[in-house]
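**Q** Supplied in C-alpha cells, the structure appears directly below.
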Amino acid sequence: MRNRKSLLERFRGKSETGQERLDRIKAEILAEDAETPSGKTSRRSFLSKLGIGATLAAIAGQTYAFLRSLKPNVLYEEPQRFKVGAPDLFGEGGKFLEDKRLFVFRQGKTFYAISASCTHLGCTVKMQKLNQPKKVKVRGREFEEQHEFHCPCHGSKYYGDGTNYAGPAPRSLDYFKLEVSPEDGQLIVDMSQRVGQDFRLTV
Amino acid sequence: MATKRSTWEKITWTWRPASEREAGDSIVRNFLLHWFPAKVTRESLSWSYSFWLGTITAVLFFILTVTGVVLMFLYVPSVERAYLSVKDLEYTVSFGWFLRGLHRISAHLMVAVVFLHMVRVFLTGAYKNGAAFNQNRPLNWIVGVALLLATLLLSFTGYLLPWDQLAFWAITVGTNIASAAPVVGDAIRFVLLGGNTIEQGTLIRFYVLHCFFLPLLVIVLFSYHMWRVRKDGGLACVDRLALEQKREKSPPIKSKTYSLLGVASGMTVHVETSLVDEDKHAVQSSPNLTRRLFLVTMLTTAAASVLTLIFRAPLEEAANPAVTPNPAKAPWYFLWLQELVTDTTFTIAGFTINGALVGGIIIPGLLVAAALAWPYFDKSTVRSVGVWFAKERRKQNLIFLLIVLAILILTVIGTYLRGPYWNFYWPWESWPEAPRRF
C-alpha cells in the first residue's frame, strides 16, 4: 500500500509531457552551451564524448582480442625442414617421396630436390619415363632428358629439369634447398627455401 | 529547424531527438529497436521494479553467442583433440584464456540471472493477466520456464566440451541421473550419449546441441517471449498503473475503432490504445529506454569481463574413464539435485528408496510441472498484478521463497560441504586422504 501511494505521488509531481521534457533538456543543453565560451567544450559534451569514446575503445579492444585469437601462435603441421635419409639410399636418377610430394634426384655425387606440386593448382605431377631420350632446348641450354613431368589434372607438362612447356602451368616446378646433416650425414630438405634450377648439392 | 546537421549529428540524431515525432521514428524505423514501443512508462524503466534481469540475460546470451562463435573456430570436437585444443586456448592462443573465461563466466551468470528473473516474475505476480484485452501472460511464463530449461541444457552440454576430468565426471553423474527415469530412463541416456559410455558419439552430440540446436531454440523462444511481452501490454507494472488511474477517475482512455471493410470476420476491430495516460506516465523510448538498455549492456559486459579476470577457468587433466575423482560432482546448478539424490536414498524395513528416481526425476519433475501450471491455479485478483509481495499472494510467495531457499541451501551443501564419498564436511574440516585413484 505504501509503495502504491508513493508511486502515485511521484507521478503526480512529474506531470510534464514528453515534448515538454525534450524541450526542457534541449533548453538545458543550449543554456550550458551558451555559458561555455566559444571554442571550448562544455562539461556535458565532454562527458558524453568521453563516454562514447570509452565505449568504442572497449568494443575495439574486445573485437581485437577476439580477432587476434584466430591468428594461430602455434602450428601442428609437419615441419617444412626434414631428413629424407642417407645419400647412399638414393640410386642414380629420381626417387619420388610420396608423403612429402617431392622428387629427389641423384647424378653421381650431386643431389637436387624438385617439388611434385604442379604450379598451376597444386595437383601432384607424375614423372613420366621416356622410351628414348629426347633432346630439348631450355633457355638456350640444350640437354638430353630421360623423363618429363606431366600433371594429371589439367594437362600441364614440364621438361625433365622442371621447366613448364605445355598446359596452364605458369612457371616451372620449385627446387628446394638440400643440405647434409652435420650429425648423421642424412640429406635434409628444406621446403621453406626455394632455390634456383642450377642448385646442386655435392656430397 | 532547418539547420544543417553535421555528420556526427546525423549519426547520433536518434540519441538526441528534437521532437516527439523524431523520438518515435527513431524506435519504429530502427531495425534493432522496432520491437520496442515508441513510448514506455517510467515505472517499466525503473531499476527497482524489474532489476532489468531479463535484459541482462539477453545481453549475456549475446556475449555467449559472440564468444561462442569465435571459440568454434578454435575448438575441435573430437576425443583426441578436444582437450588439447582447449589447452591451446588456455595457454597458446592470444587472448584464448579470456575468450574461454568470458564464455564460461557469462554462462554461469546466465543460469543465475535467468533464475533470478523467474523469482522476480513470481514475486511480482507478473505472470498474471491484468485488465487489458487479449493478454496471455501465463503462456509467456511457460515460455519462460522453457527458456530456463534450455539455458540449463545449454550450460550442461557446454560442460562436457573441454573433455577434462571435471567435464567428464560431471556429465557422467548428470546423465546417470537421467537413466533413473522409469521405463525410458536407459533409453534416454543411450540416445543422449549416443551409446553406453561417454565417448566420441557423446562429444559430437553435445557439441551440436550446444552450438546449434539449443541456441536456435533459445532464439526462437526468446523472440516469442519478447513479442508476447509487447502483446501483453508491456511489463505487468503497467497494469497496476492503469488500475490506479481508474481509481483516480481520470477521463476515459481514447480508443479508436477501425472498420476493415468486411475483409476480416466481424465488423470492426477495436484498437486498444495504451491503458495508461501516456502524457502523464510514459516517456519516449528514445532516449529513455535506449539509454538504459545501452547502460545495462555495457555494465553487464564490463562485469562479466572483470569477473573473467578474477576467476580463471579451470582445466584439469584430460578425461580418463579409468580414474574417478573423489568426490565427483555435477555442475553447480545441478548439485542441489545431486544432493537431493543422496538425501532421498535410504532404506526402510529392507526396502531401499531409489534416490536417483525420487530426488533426480520425481521431485524436479514435480517442481517443473508445478511451475508450468501455477499461473492457472493462482486465483488472486487483478490488484496483485505487477506488485512486489502483494498481500493477497503472501502465502504462495512464501511457499515459493521456501522452495527457492531449499534449492539454494542444497546447492551450497552440495558445492561446499560435500567431500570424498559424498560425506559431509564443514568448510573448516579438512578432507581425509582418500585414495584418488581406484
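All residue names refer to the C-alpha cells as shown: chains lettered A, B, ... in order, residues numbered from 1 in each chain, ligands numbered from 1 in order.
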Distance cut-off 7 Å, counting only C-alpha atoms - which residues of chain B neighbour chain A? Return them as a count of residues only.
**A** 14
**Q** Write out as a ChimeraX atom specification which residues come within 10 Å of Val180 of chain A when counting only C-alpha atoms, dropping same-chain ones fewer than 5 positions away.
**A** /A:83,85-87,185-189,201-203
**Q** Just the selected residues (N, CA and C atoms), exported as a CSV table (one decimal), in the first residue's frame, please.
**A**
```csv
chain,number,residue,atom,x,y,z
A,83,LYS,N,64.5,-34.6,-42.6
A,83,LYS,CA,65.5,-35.5,-43.1
A,83,LYS,C,64.8,-36.6,-44.0
A,85,GLY,N,66.9,-39.3,-45.3
A,85,GLY,CA,67.7,-40.5,-45.3
A,85,GLY,C,69.1,-40.2,-45.9
A,86,ALA,N,69.9,-41.3,-45.7
A,86,ALA,CA,71.3,-41.1,-46.1
A,86,ALA,C,71.4,-41.0,-47.6
A,87,PRO,N,72.4,-40.3,-48.1
A,87,PRO,CA,72.6,-40.2,-49.6
A,87,PRO,C,72.7,-41.5,-50.3
A,185,GLY,N,74.8,-37.2,-41.2
A,185,GLY,CA,75.1,-37.3,-42.6
A,185,GLY,C,73.9,-37.5,-43.5
A,186,GLN,N,72.7,-37.5,-43.0
A,186,GLN,CA,71.5,-37.6,-43.8
A,186,GLN,C,71.2,-36.4,-44.6
A,187,LEU,N,70.5,-36.6,-45.7
A,187,LEU,CA,70.1,-35.4,-46.5
A,187,LEU,C,68.9,-34.7,-45.8
A,188,ILE,N,69.0,-33.4,-45.8
A,188,ILE,CA,67.9,-32.6,-45.3
A,188,ILE,C,67.3,-31.8,-46.4
A,189,VAL,N,65.9,-31.8,-46.5
A,189,VAL,CA,65.2,-31.0,-47.5
A,189,VAL,C,64.6,-29.9,-46.7
A,201,LEU,N,73.6,-30.1,-54.8
A,201,LEU,CA,74.4,-30.4,-53.6
A,201,LEU,C,75.4,-31.5,-53.9
A,202,THR,N,76.6,-31.2,-53.7
A,202,THR,CA,77.6,-32.3,-53.9
A,202,THR,C,78.0,-32.9,-52.6
A,203,VAL,N,77.9,-34.2,-52.6
A,203,VAL,CA,78.3,-34.9,-51.3
A,203,VAL,C,79.6,-35.7,-51.5
```
**Q** Mind checking which residues fall within 12 Å of segment 124-131 of chain A, counting only C-alpha atoms, ignoring those fewer than 6 positions away in the same chain, and posting them as an MDAnalysis selection string?
**A** chainID A and resid 93:105 114:118 144:162 164 169 172:173
**Q** Kindly save the residues from that selection, with N, CA and C atoms included, as a compact mmCIF listing (two decimals), in the first residue's frame.
**A**
```txt
# COMPACT_ATOMS: atom_id res chain seq x y z
N GLY A 93 69.40 -41.25 -60.69
CA GLY A 93 68.08 -40.88 -61.21
C GLY A 93 67.18 -40.32 -60.12
N GLY A 94 65.87 -40.36 -60.39
CA GLY A 94 64.92 -39.70 -59.47
C GLY A 94 64.19 -40.66 -58.57
N LYS A 95 63.87 -40.20 -57.38
CA LYS A 95 63.08 -41.00 -56.45
C LYS A 95 61.94 -40.13 -55.94
N PHE A 96 60.74 -40.72 -55.97
CA PHE A 96 59.56 -39.96 -55.55
C PHE A 96 59.25 -40.24 -54.08
N LEU A 97 59.23 -39.19 -53.25
CA LEU A 97 58.85 -39.34 -51.85
C LEU A 97 57.37 -38.96 -51.73
N GLU A 98 56.53 -39.97 -51.64
CA GLU A 98 55.09 -39.76 -51.80
C GLU A 98 54.49 -38.85 -50.73
N ASP A 99 54.82 -39.13 -49.44
CA ASP A 99 54.17 -38.36 -48.37
C ASP A 99 54.64 -36.91 -48.35
N LYS A 100 55.80 -36.64 -48.94
CA LYS A 100 56.29 -35.25 -48.96
C LYS A 100 55.99 -34.58 -50.30
N ARG A 101 55.48 -35.31 -51.25
CA ARG A 101 55.23 -34.81 -52.61
C ARG A 101 56.48 -34.13 -53.17
N LEU A 102 57.52 -34.97 -53.31
CA LEU A 102 58.84 -34.44 -53.59
C LEU A 102 59.64 -35.44 -54.42
N PHE A 103 60.42 -34.94 -55.40
CA PHE A 103 61.36 -35.80 -56.11
C PHE A 103 62.77 -35.44 -55.66
N VAL A 104 63.56 -36.47 -55.31
CA VAL A 104 64.97 -36.22 -55.02
C VAL A 104 65.78 -36.91 -56.13
N PHE A 105 66.65 -36.14 -56.79
CA PHE A 105 67.43 -36.66 -57.91
C PHE A 105 68.89 -36.80 -57.54
N ILE A 114 63.16 -31.60 -56.40
CA ILE A 114 62.14 -30.86 -57.15
C ILE A 114 60.77 -31.15 -56.54
N SER A 115 59.97 -30.12 -56.39
CA SER A 115 58.62 -30.28 -55.85
C SER A 115 57.73 -31.02 -56.83
N ALA A 116 56.85 -31.87 -56.32
CA ALA A 116 55.89 -32.58 -57.18
C ALA A 116 54.57 -31.84 -57.24
N SER A 117 54.54 -30.62 -56.70
CA SER A 117 53.29 -29.87 -56.68
C SER A 117 53.21 -28.99 -57.92
N CYS A 118 52.22 -29.27 -58.77
CA CYS A 118 52.05 -28.53 -60.02
C CYS A 118 51.86 -27.05 -59.71
N GLU A 144 69.77 -33.50 -72.84
CA GLU A 144 69.04 -34.70 -73.21
C GLU A 144 68.30 -35.19 -71.98
N GLU A 145 66.98 -35.36 -72.12
CA GLU A 145 66.23 -35.75 -70.92
C GLU A 145 65.73 -37.19 -71.02
N GLN A 146 65.68 -37.85 -69.85
CA GLN A 146 65.21 -39.23 -69.76
C GLN A 146 63.75 -39.28 -69.33
N HIS A 147 63.27 -38.22 -68.74
CA HIS A 147 61.91 -38.23 -68.18
C HIS A 147 61.31 -36.83 -68.29
N GLU A 148 60.00 -36.77 -68.09
CA GLU A 148 59.29 -35.49 -68.03
C GLU A 148 58.31 -35.55 -66.88
N PHE A 149 57.74 -34.38 -66.52
CA PHE A 149 56.69 -34.36 -65.50
C PHE A 149 55.36 -33.98 -66.16
N HIS A 150 54.36 -34.80 -65.95
CA HIS A 150 53.04 -34.49 -66.51
C HIS A 150 52.02 -34.37 -65.39
N CYS A 151 51.21 -33.34 -65.46
CA CYS A 151 50.19 -33.17 -64.41
C CYS A 151 48.88 -33.80 -64.87
N PRO A 152 48.28 -34.68 -64.07
CA PRO A 152 47.05 -35.37 -64.48
C PRO A 152 45.80 -34.48 -64.44
N CYS A 153 45.86 -33.36 -63.75
CA CYS A 153 44.64 -32.57 -63.55
C CYS A 153 44.26 -31.77 -64.79
N HIS A 154 45.17 -30.91 -65.25
CA HIS A 154 44.82 -30.05 -66.37
C HIS A 154 45.83 -30.11 -67.50
N GLY A 155 46.62 -31.18 -67.49
CA GLY A 155 47.50 -31.45 -68.62
C GLY A 155 48.73 -30.58 -68.75
N SER A 156 49.17 -29.97 -67.64
CA SER A 156 50.43 -29.22 -67.72
C SER A 156 51.59 -30.18 -67.92
N LYS A 157 52.61 -29.73 -68.68
CA LYS A 157 53.77 -30.59 -68.91
C LYS A 157 55.04 -29.83 -68.62
N TYR A 158 55.99 -30.55 -68.02
CA TYR A 158 57.27 -29.95 -67.66
C TYR A 158 58.38 -30.81 -68.23
N TYR A 159 59.47 -30.17 -68.66
CA TYR A 159 60.65 -30.92 -69.09
C TYR A 159 61.28 -31.60 -67.88
N GLY A 160 62.30 -32.38 -68.16
CA GLY A 160 62.98 -33.12 -67.08
C GLY A 160 63.59 -32.22 -66.02
N ASP A 161 63.92 -30.96 -66.37
CA ASP A 161 64.50 -30.08 -65.36
C ASP A 161 63.42 -29.29 -64.62
N GLY A 162 62.15 -29.57 -64.94
CA GLY A 162 61.05 -28.91 -64.24
C GLY A 162 60.52 -27.68 -64.94
N ASN A 164 58.28 -25.64 -67.35
CA ASN A 164 56.97 -25.89 -67.95
C ASN A 164 57.00 -25.58 -69.43
N ALA A 169 50.17 -24.40 -66.60
CA ALA A 169 51.14 -24.10 -65.53
C ALA A 169 51.88 -22.80 -65.83
N SER A 172 57.91 -22.88 -63.78
CA SER A 172 58.50 -24.21 -63.62
C SER A 172 58.34 -24.71 -62.19
N LEU A 173 58.56 -26.03 -62.03
CA LEU A 173 58.42 -26.63 -60.70
C LEU A 173 59.48 -26.08 -59.75
```
**Q** Near segment 36-38 of chain B, counting only C-alpha atoms, which residues have an atom at most 8 Å away, once you skip same-chain residues fewer than 5 positions from it, shown as a ChimeraX atom specification?
**A** /B:23-25,27-28,230,284-286
**Q** Once you have the residues from the selection above, write them out as a tab-separated table (two decimals), in the first residue's frame, restricted to N, CA and C atoms.
**A**
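Full text of again.tsv as output:
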```tsv
chain	number	residue	atom	x	y	z
B	23	ALA	N	11.58	11.18	-31.93
B	23	ALA	CA	11.80	10.16	-30.89
B	23	ALA	C	11.07	8.87	-31.25
B	24	GLY	N	9.83	9.03	-31.71
B	24	GLY	CA	9.07	7.85	-32.09
B	24	GLY	C	9.67	7.17	-33.31
B	25	ASP	N	10.01	7.99	-34.30
B	25	ASP	CA	10.61	7.47	-35.53
B	25	ASP	C	11.86	6.66	-35.26
B	27	ILE	N	12.68	4.86	-32.92
B	27	ILE	CA	12.43	3.50	-32.44
B	27	ILE	C	11.82	2.66	-33.55
B	28	VAL	N	10.76	3.17	-34.15
B	28	VAL	CA	9.99	2.38	-35.12
B	28	VAL	C	10.80	2.10	-36.38
B	230	ARG	N	5.19	-7.54	-25.57
B	230	ARG	CA	4.55	-6.40	-26.25
B	230	ARG	C	3.05	-6.61	-26.36
B	284	GLN	N	9.34	9.00	-23.97
B	284	GLN	CA	9.77	8.44	-25.25
B	284	GLN	C	10.81	7.35	-25.01
B	285	SER	N	10.69	6.28	-25.78
B	285	SER	CA	11.67	5.19	-25.65
B	285	SER	C	13.06	5.67	-26.02
B	286	SER	N	13.10	6.55	-27.02
B	286	SER	CA	14.38	7.15	-27.36
B	286	SER	C	14.40	8.56	-26.79
```
**Q** Based on DSSP run over this structure's backbone, return all residues of segment 29-195 of chain A in helix (DSSP H, G or I), as a PyMOL selection string.
**A** chain A and resi 29-35+43-68+87-89+98-100
**Q** With N, CA and C atoms retained, write the just-selected residues as a CSV table (one decimal), in the first residue's frame.
**A**
```csv
chain,number,residue,atom,x,y,z
A,29,ILE,N,20.6,22.1,-22.4
A,29,ILE,CA,21.9,21.9,-23.2
A,29,ILE,C,22.3,23.3,-23.8
A,30,LEU,N,21.3,24.0,-24.4
A,30,LEU,CA,21.6,25.3,-25.0
A,30,LEU,C,22.1,26.2,-24.0
A,31,ALA,N,21.5,26.2,-22.8
A,31,ALA,CA,21.9,27.1,-21.7
A,31,ALA,C,23.4,26.8,-21.4
A,32,GLU,N,23.7,25.6,-21.3
A,32,GLU,CA,25.0,25.2,-20.9
A,32,GLU,C,26.0,25.6,-22.0
A,33,ASP,N,25.6,25.4,-23.2
A,33,ASP,CA,26.4,25.8,-24.4
A,33,ASP,C,26.7,27.3,-24.4
A,34,ALA,N,25.6,28.0,-24.0
A,34,ALA,CA,25.7,29.5,-24.0
A,34,ALA,C,26.7,29.9,-22.9
A,35,GLU,N,26.7,29.2,-21.8
A,35,GLU,CA,27.6,29.6,-20.8
A,35,GLU,C,29.1,29.3,-21.1
A,43,ARG,N,30.9,20.9,-20.3
A,43,ARG,CA,31.2,19.7,-19.5
A,43,ARG,C,30.3,18.6,-20.0
A,44,ARG,N,29.0,18.9,-20.3
A,44,ARG,CA,28.1,17.9,-20.8
A,44,ARG,C,28.6,17.2,-22.1
A,45,SER,N,29.1,18.0,-23.0
A,45,SER,CA,29.5,17.4,-24.3
A,45,SER,C,30.9,16.7,-24.1
A,46,PHE,N,31.7,17.2,-23.2
A,46,PHE,CA,32.9,16.5,-22.9
A,46,PHE,C,32.7,15.1,-22.3
A,47,LEU,N,31.7,15.1,-21.3
A,47,LEU,CA,31.4,13.8,-20.7
A,47,LEU,C,30.8,12.8,-21.6
A,48,SER,N,29.9,13.4,-22.5
A,48,SER,CA,29.3,12.4,-23.4
A,48,SER,C,30.3,11.9,-24.4
A,49,LYS,N,31.2,12.8,-24.9
A,49,LYS,CA,32.3,12.3,-25.8
A,49,LYS,C,33.2,11.2,-25.1
A,50,LEU,N,33.4,11.5,-23.8
A,50,LEU,CA,34.3,10.6,-23.0
A,50,LEU,C,33.6,9.2,-22.9
A,51,GLY,N,32.3,9.2,-22.7
A,51,GLY,CA,31.5,8.0,-22.5
A,51,GLY,C,31.5,7.2,-23.8
A,52,ILE,N,31.2,7.9,-24.9
A,52,ILE,CA,31.2,7.3,-26.2
A,52,ILE,C,32.5,6.7,-26.6
A,53,GLY,N,33.6,7.5,-26.3
A,53,GLY,CA,34.9,7.1,-26.6
A,53,GLY,C,35.3,5.9,-25.9
A,54,ALA,N,35.0,5.9,-24.6
A,54,ALA,CA,35.3,4.7,-23.7
A,54,ALA,C,34.6,3.5,-24.2
A,55,THR,N,33.4,3.6,-24.6
A,55,THR,CA,32.6,2.5,-25.1
A,55,THR,C,33.2,2.0,-26.4
A,56,LEU,N,33.5,2.9,-27.3
A,56,LEU,CA,34.1,2.5,-28.6
A,56,LEU,C,35.5,1.8,-28.3
A,57,ALA,N,36.3,2.3,-27.4
A,57,ALA,CA,37.6,1.7,-27.1
A,57,ALA,C,37.4,0.3,-26.5
A,58,ALA,N,36.4,0.2,-25.7
A,58,ALA,CA,36.1,-1.2,-25.1
A,58,ALA,C,35.7,-2.2,-26.2
A,59,ILE,N,34.8,-1.7,-27.1
A,59,ILE,CA,34.3,-2.6,-28.1
A,59,ILE,C,35.5,-3.0,-29.0
A,60,ALA,N,36.3,-1.9,-29.3
A,60,ALA,CA,37.5,-2.2,-30.2
A,60,ALA,C,38.5,-3.2,-29.5
A,61,GLY,N,38.7,-3.0,-28.2
A,61,GLY,CA,39.6,-3.9,-27.5
A,61,GLY,C,39.1,-5.3,-27.5
A,62,GLN,N,37.8,-5.5,-27.2
A,62,GLN,CA,37.3,-6.9,-27.2
A,62,GLN,C,37.3,-7.5,-28.6
A,63,THR,N,37.0,-6.7,-29.6
A,63,THR,CA,37.0,-7.1,-31.0
A,63,THR,C,38.4,-7.6,-31.4
A,64,TYR,N,39.4,-6.7,-31.0
A,64,TYR,CA,40.8,-7.0,-31.4
A,64,TYR,C,41.2,-8.4,-30.7
A,65,ALA,N,40.8,-8.5,-29.5
A,65,ALA,CA,41.2,-9.8,-28.8
A,65,ALA,C,40.6,-11.0,-29.5
A,66,PHE,N,39.3,-10.8,-29.8
A,66,PHE,CA,38.6,-12.0,-30.5
A,66,PHE,C,39.2,-12.3,-31.8
A,67,LEU,N,39.5,-11.2,-32.6
A,67,LEU,CA,40.1,-11.5,-33.9
A,67,LEU,C,41.5,-12.0,-33.8
A,68,ARG,N,42.3,-11.4,-32.9
A,68,ARG,CA,43.7,-11.8,-32.7
A,68,ARG,C,43.8,-13.3,-32.4
A,87,PRO,N,72.4,-40.3,-48.1
A,87,PRO,CA,72.6,-40.2,-49.6
A,87,PRO,C,72.7,-41.5,-50.3
A,88,ASP,N,73.3,-42.5,-49.6
A,88,ASP,CA,73.5,-43.8,-50.3
A,88,ASP,C,72.2,-44.5,-50.6
A,89,LEU,N,71.1,-44.1,-49.9
A,89,LEU,CA,69.9,-44.8,-50.2
A,89,LEU,C,69.3,-44.4,-51.6
A,98,GLU,N,56.5,-40.0,-51.6
A,98,GLU,CA,55.1,-39.8,-51.8
A,98,GLU,C,54.5,-38.8,-50.7
A,99,ASP,N,54.8,-39.1,-49.4
A,99,ASP,CA,54.2,-38.4,-48.4
A,99,ASP,C,54.6,-36.9,-48.3
A,100,LYS,N,55.8,-36.6,-48.9
A,100,LYS,CA,56.3,-35.3,-49.0
A,100,LYS,C,56.0,-34.6,-50.3
```
**Q** When DSSP is applied to the backbone of this structure, which of segment 25-171 of chain A are assigned strand (DSSP E or B)? Write them out as a short mmCIF file (atom, residue, chain, number, x, y, z; two decimals) with N, CA and C atoms, in the first residue's frame.
**A**
```cif
data_model
loop_
_atom_site.label_atom_id
_atom_site.label_comp_id
_atom_site.auth_asym_id
_atom_site.auth_seq_id
_atom_site.Cartn_x
_atom_site.Cartn_y
_atom_site.Cartn_z
N ARG A 81 61.12 -28.52 -42.81
CA ARG A 81 62.51 -28.95 -42.98
C ARG A 81 62.64 -30.33 -42.33
N PHE A 82 63.04 -31.32 -43.11
CA PHE A 82 63.04 -32.68 -42.58
C PHE A 82 64.14 -33.51 -43.24
N LYS A 83 64.49 -34.63 -42.58
CA LYS A 83 65.50 -35.54 -43.12
C LYS A 83 64.85 -36.55 -44.05
N VAL A 84 65.55 -36.92 -45.10
CA VAL A 84 64.98 -37.90 -46.03
C VAL A 84 65.83 -39.17 -46.13
N GLY A 85 66.88 -39.27 -45.32
CA GLY A 85 67.68 -40.49 -45.34
C GLY A 85 69.09 -40.25 -45.85
N GLY A 93 69.40 -41.25 -60.69
CA GLY A 93 68.08 -40.88 -61.21
C GLY A 93 67.18 -40.32 -60.12
N GLY A 94 65.87 -40.36 -60.39
CA GLY A 94 64.92 -39.70 -59.47
C GLY A 94 64.19 -40.66 -58.57
N LYS A 95 63.87 -40.20 -57.38
CA LYS A 95 63.08 -41.00 -56.45
C LYS A 95 61.94 -40.13 -55.94
N PHE A 96 60.74 -40.72 -55.97
CA PHE A 96 59.56 -39.96 -55.55
C PHE A 96 59.25 -40.24 -54.08
N LEU A 97 59.23 -39.19 -53.25
CA LEU A 97 58.85 -39.34 -51.85
C LEU A 97 57.37 -38.96 -51.73
N LEU A 102 57.52 -34.97 -53.31
CA LEU A 102 58.84 -34.44 -53.59
C LEU A 102 59.64 -35.44 -54.42
N PHE A 103 60.42 -34.94 -55.40
CA PHE A 103 61.36 -35.80 -56.11
C PHE A 103 62.77 -35.44 -55.66
N VAL A 104 63.56 -36.47 -55.31
CA VAL A 104 64.97 -36.22 -55.02
C VAL A 104 65.78 -36.91 -56.13
N PHE A 105 66.65 -36.14 -56.79
CA PHE A 105 67.43 -36.66 -57.91
C PHE A 105 68.89 -36.80 -57.54
N ARG A 106 69.49 -37.84 -58.08
CA ARG A 106 70.93 -38.04 -57.88
C ARG A 106 71.60 -38.19 -59.24
N GLN A 107 72.70 -37.44 -59.40
CA GLN A 107 73.52 -37.59 -60.61
C GLN A 107 74.94 -37.73 -60.12
N THR A 110 76.13 -35.52 -57.11
CA THR A 110 75.31 -34.33 -56.89
C THR A 110 73.84 -34.72 -56.68
N PHE A 111 73.20 -33.90 -55.83
CA PHE A 111 71.77 -34.13 -55.49
C PHE A 111 70.98 -32.84 -55.69
N TYR A 112 69.71 -33.00 -56.06
CA TYR A 112 68.79 -31.86 -56.04
C TYR A 112 67.36 -32.35 -55.83
N ALA A 113 66.51 -31.45 -55.34
CA ALA A 113 65.13 -31.83 -54.99
C ALA A 113 64.15 -30.95 -55.75
N ILE A 114 63.16 -31.60 -56.40
CA ILE A 114 62.14 -30.86 -57.15
C ILE A 114 60.77 -31.15 -56.54
N SER A 115 59.97 -30.12 -56.39
CA SER A 115 58.62 -30.28 -55.85
C SER A 115 57.73 -31.02 -56.83
N SER A 117 54.54 -30.62 -56.70
CA SER A 117 53.29 -29.87 -56.68
C SER A 117 53.21 -28.99 -57.92
N THR A 124 49.46 -33.24 -57.82
CA THR A 124 50.76 -33.90 -57.79
C THR A 124 51.13 -34.36 -59.21
N LYS A 126 53.18 -36.30 -62.23
CA LYS A 126 53.73 -37.65 -62.36
C LYS A 126 55.01 -37.60 -63.18
N MET A 127 55.99 -38.40 -62.73
CA MET A 127 57.24 -38.46 -63.50
C MET A 127 57.06 -39.50 -64.60
N GLN A 128 57.21 -39.08 -65.84
CA GLN A 128 56.97 -39.93 -66.99
C GLN A 128 58.32 -40.33 -67.60
N LYS A 129 58.66 -41.61 -67.46
CA LYS A 129 59.91 -42.06 -68.10
C LYS A 129 59.72 -42.06 -69.62
N LEU A 130 60.72 -41.56 -70.35
CA LEU A 130 60.61 -41.53 -71.80
C LEU A 130 61.23 -42.81 -72.39
N ASN A 131 60.60 -43.34 -73.44
CA ASN A 131 61.12 -44.57 -74.04
C ASN A 131 62.50 -44.35 -74.64
N GLN A 132 62.68 -43.20 -75.28
CA GLN A 132 64.02 -42.86 -75.77
C GLN A 132 64.33 -41.43 -75.38
N PRO A 133 65.59 -41.20 -75.04
CA PRO A 133 65.97 -39.85 -74.60
C PRO A 133 65.58 -38.81 -75.63
N LYS A 134 65.18 -37.64 -75.13
CA LYS A 134 64.69 -36.58 -76.01
C LYS A 134 65.57 -35.36 -75.81
N LYS A 135 65.93 -34.76 -76.93
CA LYS A 135 66.76 -33.56 -76.83
C LYS A 135 65.87 -32.34 -76.74
N VAL A 136 66.08 -31.53 -75.71
CA VAL A 136 65.28 -30.30 -75.60
C VAL A 136 66.19 -29.11 -75.37
N LYS A 137 65.65 -27.95 -75.69
CA LYS A 137 66.42 -26.72 -75.52
C LYS A 137 65.62 -25.81 -74.60
N VAL A 138 66.23 -25.54 -73.45
CA VAL A 138 65.56 -24.67 -72.49
C VAL A 138 66.43 -23.46 -72.21
N ARG A 141 69.87 -23.47 -73.39
CA ARG A 141 70.70 -24.59 -72.97
C ARG A 141 70.09 -25.87 -73.52
N GLU A 142 70.93 -26.68 -74.16
CA GLU A 142 70.39 -27.90 -74.74
C GLU A 142 70.79 -29.08 -73.88
N PHE A 143 69.86 -29.95 -73.59
CA PHE A 143 70.23 -31.16 -72.85
C PHE A 143 69.33 -32.32 -73.25
N GLU A 144 69.77 -33.50 -72.84
CA GLU A 144 69.04 -34.70 -73.21
C GLU A 144 68.30 -35.19 -71.98
N GLU A 145 66.98 -35.36 -72.12
CA GLU A 145 66.23 -35.75 -70.92
C GLU A 145 65.73 -37.19 -71.02
N GLN A 146 65.68 -37.85 -69.85
CA GLN A 146 65.21 -39.23 -69.76
C GLN A 146 63.75 -39.28 -69.33
N HIS A 147 63.27 -38.22 -68.74
CA HIS A 147 61.91 -38.23 -68.18
C HIS A 147 61.31 -36.83 -68.29
N GLU A 148 60.00 -36.77 -68.09
CA GLU A 148 59.29 -35.49 -68.03
C GLU A 148 58.31 -35.55 -66.88
N PHE A 149 57.74 -34.38 -66.52
CA PHE A 149 56.69 -34.36 -65.50
C PHE A 149 55.36 -33.98 -66.16
N HIS A 150 54.36 -34.80 -65.95
CA HIS A 150 53.04 -34.49 -66.51
C HIS A 150 52.02 -34.37 -65.39
N LYS A 157 52.61 -29.73 -68.68
CA LYS A 157 53.77 -30.59 -68.91
C LYS A 157 55.04 -29.83 -68.62
N TYR A 158 55.99 -30.55 -68.02
CA TYR A 158 57.27 -29.95 -67.66
C TYR A 158 58.38 -30.81 -68.23
N ASN A 164 58.28 -25.64 -67.35
CA ASN A 164 56.97 -25.89 -67.95
C ASN A 164 57.00 -25.58 -69.43
N TYR A 165 56.32 -26.42 -70.25
CA TYR A 165 56.28 -26.12 -71.68
C TYR A 165 54.90 -26.31 -72.27
N ALA A 166 53.94 -26.87 -71.54
CA ALA A 166 52.60 -27.03 -72.12
C ALA A 166 51.56 -26.97 -71.01
#
```
**Q** Do a neighbour search on Val195 of chain A at 8 Å with only C-alpha atoms, toss out local chain neighbours closer than 4 positions, and write the hits as a list of chain:residue names.
**A** A:Asp174, A:Tyr175, A:Phe176, A:Lys177, A:Phe199
**Q** Quick one: residues within 8 Å of segment 130-134 of chain B, only C-alpha atoms counted, chain neighbours fewer than 3 positions away excluded, as number ranges by chain?
**A** B: 231-233, 236, 239-240, 243, 272, 275, 382, 385
**Q** What is the distance between atom CA of Phe311 of chain B and atom CA of Leu84 of chain B, in Å to one decimal?
**A** 21.3 Å
**Q** Using only C-alpha atoms, which protein or nucleic acid residues come within 6 Å of Gln165 of chain B? Drop anything in the same chain fewer than 5 positions from it, and give the result as a VMD selection string.
**A** chain B and resid 316 to 319
